[in-house]
Amino acid sequence: MTLELSSIPFRSSIPFRSIRVLDGTTVTLSMDCSEFYPGSVGAGVKIQIEFDLLTGRFLYINLQPGKAGDGPAGLDRLQNLQKNDVFLQDLGYFKFKILEGINEKEAFFVSRAKADTQFHTLHPNPQYHPDGSLMQKYAYERLLIESVFPSINRGEYKEYPLVYMGANSKIPTRLILYRMTQKEQSRQDQKIAVRNRTKPGIIKQKSRDLSGVSMMISNLPPTVPAEEIIALYRYRWQIELLFRSWKSDFKVAHFRRMKIERWQSHLYVELIRLLLSTLITYQFRIHFWKNEGLILSEQITMREVGKKIWVLWRARDETVWQNTLESLERILRSIGRKNIKEPSPIGWNT
């Protein structure tokens with residue numbers, strides 16, 4: 001059996017070079033490490049990882065103190081972005097500088113927007129100075145989301161093909177408003193209540209008022225329909241699966257008390273293990289899809305590959321390598337099939 005570093009077959013209106021997903025996960029440390037990695041409470045390290053959804057390659061890794069925000073990592077990882085990359089971003093990376101940096105490199109973003117973000121449309125009745133120049137006061141008209149979303153039926157969305165984002169920046173973007181179902185809004189309200197109890201800071205009233213609407217922005221061209229943008233953003237949860245496997249199957253958060261230098265060495269080894277396991281997992285999924293039309297479960301495949309990764313790492317001859325891969329192939333064919341209730345409109349690996 002041969003595994004090649006190839007991309008998953010992904011249907012979309014634009015041939016993306018990569019689909020980049022960045023997120024962070026926090027590991028709690030002993031108080032001995034608080035000098036190096038202070039957390040919001042006690043000690044902790046935040047591990048930022050960005051990977052390519054098409055190949056499983058890791059594109060960016062950074063270690064931060066547990067109390068650090070996501071914004072700096074969002075800016076730092078722009079150094080290696082290229083044309084036709086698409087970034088799927090959560091609210092933690094919602095910064096105008098990040099969005100402008102992506103625009104400048106002719107790349108794309110799909111991001112959620114914060115509730116207090118200002119949006120404007122072109123003024124329907126612009127006014128001009130006597131010399132013919134446009135009066136900036138009448139160039140734009142404020143789009144009030146709280147006035148718009150009650151007219152949207154629950155479970156449906158409304159798109160604005162062109163709005164201008166920011167009080168001063170006026171970044172051009174597409175805006176998609178989705179009004180949650182009653183069940184979805186109840187879950188969202190519960191999350192807000194938990195966050196209010198467990199995290200510092202006060203949740204703004206506007207965030208509460210707009211808890212039932214999800215605001216999504218994108219600079220993808222009009223040739224990409226809104227339905228595809230919404231479906232594309234749902235792939236963000238892939239990195240949550242990655243972190244879940246790392247913590248539950250690889251036990252990265254379980255370690256005995258040790259010096260900070262030794263712990264860092266331990267973490268770097270676990271990062272290498274995760275990187276290799278992710279790459280091999282992706283190639284197994286591609287192999288089964290292309291050759292047998294079988295879609296493997298990400299978590300099951302990652303868990304089984306993780307069990308064999310050190311055997312593959314230590315393999316010094318082709319026979320051991322092939323035997324291990326063939327053993328994994330038999331196991332995954334037997335227990336790895338993914339239960340898919342509803343196929344995705346744009347890809348095969350949902």
# chains A, B, ... in the order shown; residues from 1 in each chain; ligands from 1
>>> residues_around(residues="A:Asn84", least_positions_apart="5", cutoff="9 Å", atoms="only C-alpha atoms", output="PyMOL selection string")
chain A and resi 14-18+105-108
>>> residues_around(residues="stretch 301-314 of chain A", least_positions_apart="3", cutoff="9 Å", atoms="only C-alpha atoms", output="list in words")
Leu242, Ser245, Trp246, Asp249, Phe250, Arg273, Leu274, Leu276, Ser277, Thr278, Ile280, Thr281, Tyr282, Phe284, Arg285, Leu296, Ser297, Glu298, Val320, Trp321, Thr324, Leu325, Leu328, Ile331, Leu332 and Gly336 of chain A
>>> residues_around(residues="stretch 205-217 of chain A", least_positions_apart="5", cutoff="7 Å", atoms="only C-alpha atoms", output="number ranges by chain")
A: 110-113, 115-116, 146, 173-180, 185, 188-189
>>> write_last_selection(atoms="N, CA and C atoms", output="CSV table (one decimal), in the first residue's frame")
chain,number,residue,atom,x,y,z
A,110,VAL,N,-13.8,33.8,5.1
A,110,VAL,CA,-15.2,33.6,5.5
A,110,VAL,C,-15.1,33.7,7.1
A,111,SER,N,-15.8,34.6,7.6
A,111,SER,CA,-15.7,34.9,9.1
A,111,SER,C,-17.0,35.3,9.7
A,112,ARG,N,-17.1,35.0,10.9
A,112,ARG,CA,-18.3,35.5,11.7
A,112,ARG,C,-17.9,36.9,12.1
A,113,ALA,N,-18.9,37.8,12.3
A,113,ALA,CA,-18.7,39.2,12.7
A,113,ALA,C,-19.3,39.4,14.1
A,115,ALA,N,-21.3,41.2,17.2
A,115,ALA,CA,-22.6,41.9,17.2
A,115,ALA,C,-22.5,43.4,17.1
A,116,ASP,N,-21.4,44.0,17.7
A,116,ASP,CA,-21.3,45.4,17.7
A,116,ASP,C,-20.6,46.0,16.4
A,146,GLU,N,-30.3,45.1,14.1
A,146,GLU,CA,-31.4,44.8,15.1
A,146,GLU,C,-32.8,45.2,14.5
A,173,THR,N,-17.4,44.2,1.8
A,173,THR,CA,-17.6,42.8,2.1
A,173,THR,C,-19.0,42.3,1.8
A,174,ARG,N,-19.2,41.1,1.6
A,174,ARG,CA,-20.6,40.5,1.6
A,174,ARG,C,-21.0,40.2,3.0
A,175,LEU,N,-22.3,40.4,3.3
A,175,LEU,CA,-22.9,40.1,4.6
A,175,LEU,C,-24.0,39.1,4.5
A,176,ILE,N,-24.0,38.1,5.3
A,176,ILE,CA,-25.0,37.1,5.3
A,176,ILE,C,-25.6,37.0,6.7
A,177,LEU,N,-26.9,37.3,6.9
A,177,LEU,CA,-27.5,37.2,8.2
A,177,LEU,C,-28.4,35.9,8.2
A,178,TYR,N,-28.1,35.1,9.3
A,178,TYR,CA,-28.9,33.9,9.5
A,178,TYR,C,-29.7,34.0,10.8
A,179,ARG,N,-31.0,33.9,10.7
A,179,ARG,CA,-31.8,33.9,12.0
A,179,ARG,C,-32.0,32.5,12.5
A,180,MET,N,-31.5,32.3,13.7
A,180,MET,CA,-31.5,30.9,14.3
A,180,MET,C,-33.0,30.4,14.5
A,185,GLN,N,-31.4,29.1,19.0
A,185,GLN,CA,-31.3,30.3,19.9
A,185,GLN,C,-31.2,29.9,21.4
A,188,GLN,N,-27.8,28.9,22.1
A,188,GLN,CA,-27.0,30.1,22.1
A,188,GLN,C,-27.1,30.8,23.4
A,189,ASP,N,-28.3,31.0,23.9
A,189,ASP,CA,-28.6,31.7,25.1
A,189,ASP,C,-28.0,31.0,26.3
>>> select_by_dssp(residues="stretch 192-270 of chain A", states="strand (DSSP E or B)", output="PyMOL selection string")
chain A and resi 213-218
>>> residues_around(residues="A:Ala68", least_positions_apart="2", cutoff="8 Å", atoms="only C-alpha atoms", output="VMD selection string")
chain A and resid 39 46 64 to 66 70
>>> residues_around(residues="A:Leu144", least_positions_apart="3", cutoff="8 Å", atoms="only C-alpha atoms", output="list in words")
Phe119, Ser147 and Val148 of chain A
>>> atom_distance(atom1="atom CA of A:Ala315", atom2="atom CA of A:Leu271")
19.6 Å
>>> atom_distance(atom1="atom CA of A:Arg57", atom2="atom CA of A:Leu279")
6.3 Å
>>> atom_distance(atom1="atom CA of A:Tyr164", atom2="atom CA of A:Tyr233")
20.9 Å
